[in-house]
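> My questions all concern the structure below.
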Amino acid sequence: MEEKAADNFTFISGATGGVGRAFAFACAKTGALFLTGRSEEKLAELKEDIIRKYPFCSVEYFPADLTDEHSRRKMFAYIEGKALSFSRLINVAGADIQKAFEKYTDEKIVFQCRVNLEAALSLTRFVLAHREQGLEIINISSISGVYPMPYFAVYSATKSALSSFSSSLRLELKGEGIKVTSVEPGGIYTRPDVCKDIKGQGLWGKLSAKTPEYVARKSLAAVRKNKRIYRPGFWNKFIAAAPRLLPIGLRMRFIARRWSKLEKDAF
Ligand SMILES: NC(=O)c1ccc[n+]([C@@H]2O[C@H](COP(=O)([O-])OP(=O)(O)OC[C@H]3O[C@@H](n4cnc5c(N)ncnc54)[C@H](OP(=O)(O)O)[C@@H]3O)[C@@H](O)[C@H]2O)c1
């Protein structure tokens with residue numbers, strides 16, 4: 001086994017996406033990074049971009065398909081070989097399939113559950129076993145996890161489970177100096193299709209959406225303060241509280257009308 005690495009690392013899954021990239025840059029200012037995504041090429045490019053801006057930042061990466069436990073194990077073995085330890089974990093990787101449940105295949109169900117939930121649970125268990133004092137954990141859930149969303153049913157269910165896990169874990173780890181925050185954003189301006197959807201939702205989308213840089217910066221501040229949940233922006237806080245004021249049937253009919261018009265896939 002190699003000697004223990006000098007730096008404390010922030011582990012970021014989904015680092016090659018819009019939100020993950022913003023977290024990577026935000027964390028590069030103050031510490032070392034371990035990045036993962038499926039594409040080695042994208043990870044290498046991201047490392048180059050980070051080093052260009054922060055030449056003294058130590059950046060490690062390993063490509064892994066987080067839906068595949070063998071691929072995760074290879075990544076874990078790489079990390080153990082390098083004796084990395086972590087002061088922060090940011091579970092960002094996720095896929096936002098959006099369509100009527102009857103249009104799903106079994107493969108898509110398994111894929112979405114694995115990347116949105118199983119991966120986060122597995123990475124959390126691993127990082128807990130390789131943690132430094134004062135570990136911070138950020139789980140990127142969604143406002144979609146706050147209430148059931150017809151036509152976004154699997155996504156909404158996995159994000160709801162991720163938020164629930166976050167809160168339970170937080171209590172289990174209370175007293176160990178570990179902070180756990182569930183981040184529940186509305187829209188975030190990342191991929192072009194997401195930006196188009198936000199625009200298509202008119203004022204509602206505009207009020208709810210934030211930039212990835214805003215979400216990263218505020219989420220890091222929220223976990224530092226040990227917040228259980230962080231919802232970026234006033235509007236998202238309001239719509240998360242609105243369920244207490246509006247009957248659930250009414251809310252779900254409103255969501256179904258809006259979301260039935262959109263269809264999106266991922267693998
Ligand atoms: N954008 C929004 O409006 C919004 C709103 C609320 C919550 N969120 C949540 O924020 C997170 C990031 O969203 P984003 O907009 O940044 O998405 P994105 O740009 O599509 O990035 C997704 C990231 O997840 C990784 N990923 C996907 N499947 C994977 C797999 N099987 N194994 C390993 N990595 C995988 C992708 O890596 P590859 O490079 O390999 O594809 C990529 O790095 C997601 O969890 C999403 O649910 C997003």
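If you're wondering about the labels, chains in the structure tokens are A, B, ... by order shown, residues count from 1 in each chain, ligands from 1 in order shown.
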Write out as a PDB file with C-alpha atoms, in the first residue's frame the residues lying within 9 Å of A:Ile140, counting only C-alpha atoms and excluding same-chain residues fewer than 5 positions away.

```pdb
ATOM      1  CA  ILE A  90     -20.701  15.382  -3.047  1.00  0.00           C
ATOM      2  CA  ASN A  91     -23.112  12.892  -4.609  1.00  0.00           C
ATOM      3  CA  VAL A  92     -24.094  14.649  -7.837  1.00  0.00           C
ATOM      4  CA  ALA A  93     -24.439  11.879 -10.468  1.00  0.00           C
ATOM      5  CA  GLY A  94     -28.009  11.475 -11.616  1.00  0.00           C
ATOM      6  CA  LYS A 159     -34.879  11.740  -5.269  1.00  0.00           C
ATOM      7  CA  LEU A 162     -32.220  10.101  -1.469  1.00  0.00           C
ATOM      8  CA  SER A 163     -33.528  13.002   0.660  1.00  0.00           C
ATOM      9  CA  THR A 181     -27.063  18.081   3.783  1.00  0.00           C
ATOM     10  CA  SER A 182     -29.692  17.209   1.207  1.00  0.00           C
ATOM     11  CA  VAL A 183     -29.812  19.800  -1.575  1.00  0.00           C
ATOM     12  CA  GLU A 184     -33.206  20.110  -3.276  1.00  0.00           C
ATOM     13  CA  PRO A 185     -32.928  22.487  -6.238  1.00  0.00           C
TER      14      PRO A 185
END
```
> Mind checking DSSP for stretch 50-189 of chain A and telling me the strand (DSSP E or B) residues as an mmCIF file with C-alpha atoms, in the first residue's frame?

```
data_model
loop_
_atom_site.group_PDB
_atom_site.id
_atom_site.type_symbol
_atom_site.label_atom_id
_atom_site.label_comp_id
_atom_site.auth_asym_id
_atom_site.auth_seq_id
_atom_site.Cartn_x
_atom_site.Cartn_y
_atom_site.Cartn_z
ATOM 1 C CA VAL A 59 -6.784 16.431 -8.976
ATOM 2 C CA GLU A 60 -7.330 12.675 -9.158
ATOM 3 C CA TYR A 61 -9.984 11.026 -11.291
ATOM 4 C CA SER A 85 -9.005 9.981 2.360
ATOM 5 C CA PHE A 86 -11.929 12.354 2.162
ATOM 6 C CA SER A 87 -13.094 15.431 4.000
ATOM 7 C CA ARG A 88 -16.078 15.940 1.697
ATOM 8 C CA LEU A 89 -18.389 13.830 -0.478
ATOM 9 C CA ILE A 90 -20.701 15.382 -3.047
ATOM 10 C CA ASN A 91 -23.112 12.892 -4.609
ATOM 11 C CA GLN A 98 -39.048 12.040 -17.878
ATOM 12 C CA ARG A 131 -13.028 9.694 5.985
ATOM 13 C CA GLU A 132 -11.108 12.430 7.642
ATOM 14 C CA GLN A 133 -12.313 14.268 10.715
ATOM 15 C CA GLY A 134 -15.268 16.584 10.112
ATOM 16 C CA LEU A 135 -16.496 14.902 6.917
ATOM 17 C CA GLU A 136 -19.146 16.872 5.000
ATOM 18 C CA ILE A 137 -21.656 15.040 2.797
ATOM 19 C CA ILE A 138 -23.830 16.796 0.217
ATOM 20 C CA ASN A 139 -26.478 14.770 -1.587
ATOM 21 C CA ILE A 140 -27.892 16.426 -4.681
ATOM 22 C CA LYS A 179 -22.405 16.955 8.509
ATOM 23 C CA VAL A 180 -24.993 15.750 5.980
ATOM 24 C CA THR A 181 -27.063 18.081 3.783
ATOM 25 C CA SER A 182 -29.692 17.209 1.207
ATOM 26 C CA VAL A 183 -29.812 19.800 -1.575
ATOM 27 C CA ILE A 188 -30.473 24.428 -12.817
#
```
> Name the closest residue to ligand 1 among the candidates A:Ile239, A:Val146, A:Cys27, A:Ala64; distances are taken between atoms, counting only C-alpha atoms and all ligand atoms.
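Result for the nearest residue to ligand 1: A:Ala64.
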> Listing only residues of chain A within 6 Å of ligand 1, what is the closest atom pair and its distance in Å (to one decimal) for each, using only C-alpha atoms and all ligand atoms, sorted by chain and residue number ascending, as CSV?

```
residue,atom,partner,partner_atom_place_in_ligand_line,distance
A:Gly14,CA,ligand 1,43 (O),3.1
A:Ala15,CA,ligand 1,43 (O),4.7
A:Thr16,CA,ligand 1,43 (O),3.7
A:Gly17,CA,ligand 1,21 (O),3.3
A:Gly18,CA,ligand 1,16 (O),3.7
A:Val19,CA,ligand 1,16 (O),3.8
A:Gly20,CA,ligand 1,16 (O),5.8
A:Gly37,CA,ligand 1,37 (O),4.2
A:Arg38,CA,ligand 1,40 (O),3.3
A:Ser39,CA,ligand 1,40 (O),4.9
A:Ala64,CA,ligand 1,33 (C),5.7
A:Asp65,CA,ligand 1,32 (N),3.7
A:Leu66,CA,ligand 1,32 (N),3.8
A:Thr67,CA,ligand 1,31 (N),4.9
A:Val92,CA,ligand 1,11 (C),4.7
A:Ala93,CA,ligand 1,24 (O),3.5
A:Gly94,CA,ligand 1,45 (O),3.4
A:Ala95,CA,ligand 1,27 (C),5.6
A:Asp96,CA,ligand 1,47 (O),5.7
A:Val115,CA,ligand 1,31 (N),5.4
A:Ile140,CA,ligand 1,45 (O),5.5
A:Ser141,CA,ligand 1,7 (C),5.7
A:Ser142,CA,ligand 1,7 (C),4.3
A:Pro185,CA,ligand 1,6 (C),4.7
A:Gly186,CA,ligand 1,5 (C),5.1
A:Gly187,CA,ligand 1,3 (O),3.5
A:Ile188,CA,ligand 1,3 (O),3.7
A:Tyr189,CA,ligand 1,1 (N),5.9
A:Thr190,CA,ligand 1,15 (O),4.8
A:Arg191,CA,ligand 1,19 (O),5.5
A:Val194,CA,ligand 1,3 (O),5.9
```
> Could you pull out the helix (DSSP H, G or I) residues of stretch 73-259 of chain A from DSSP and send them as number ranges by chain?
A: 73-82, 101-103, 106-129, 143-145, 153-172, 192-200, 202-208, 212-224, 234-244, 248-259
> Please identify all polymer residues within 9 Å of A:Leu117, counting only C-alpha atoms, omitting same-chain residues fewer than 3 positions from it, and present them as a PyMOL selection string.
chain A and resi 94+112-114+120-122+158-159+161-162
> Env of A:Thr105: 12 Å cut, atoms = only C-alpha atoms, seq-sep filter 5 positions within chain, self excluded. Answer as a PyMOL selection string.
chain A and resi 97+99-100+110-112+154+265-267
> What does the distance between atom CA of A:Ser58 and atom CA of A:Arg72 come to in Å, to one decimal place?
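Taking atom CA of A:Ser58 and atom CA of A:Arg72, their separation equals 21.8 Å.
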> Rank A:Arg21, A:Lys42, A:Arg73, A:Lys196 by their smallest atom-to-atom distance to A:Ala216, using only C-alpha atoms, and report the top residue only.
A:Arg21
> With distances taken over only C-alpha atoms, which of A:Lys227, A:Gly31, A:Trp259, A:Tyr151 is nearest to A:Leu171?
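Going through A:Lys227, A:Gly31, A:Trp259, A:Tyr151 one by one, the smallest distance to A:Leu171 is for A:Lys227.
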> For A:Lys53, list every protein, DNA or RNA residue within 12 Å, evaluated using only C-alpha atoms, and leave out those in the same chain fewer than 2 positions away; present the list as a PyMOL selection string.
chain A and resi 24-26+28-29+46-51+55-57
> With distances taken over only C-alpha atoms, which residue among A:Phe9, A:Arg170, A:Glu40, A:Lys264 lies nearest A:Leu84?
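Closest to A:Leu84 of all the choices is A:Phe9.
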> What does the distance between atom CA of A:Thr211 and atom CA of A:Lys199 come to in Å, to one decimal place?
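Separating atom CA of A:Thr211 from atom CA of A:Lys199 is a distance of 13.4 Å.
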> Ranking A:Thr36, A:Lys108, A:Ile198, A:Lys103 by minimum distance to A:Met75 and counting only C-alpha atoms, which one comes first?
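Nearest to A:Met75: A:Thr36.
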> Looking at only C-alpha atoms, which of A:Ala157, A:His130, A:Glu102, A:Glu69 is the one that sits closest to A:Glu118?
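Under the stated criterion, the closest residue is A:Glu69.
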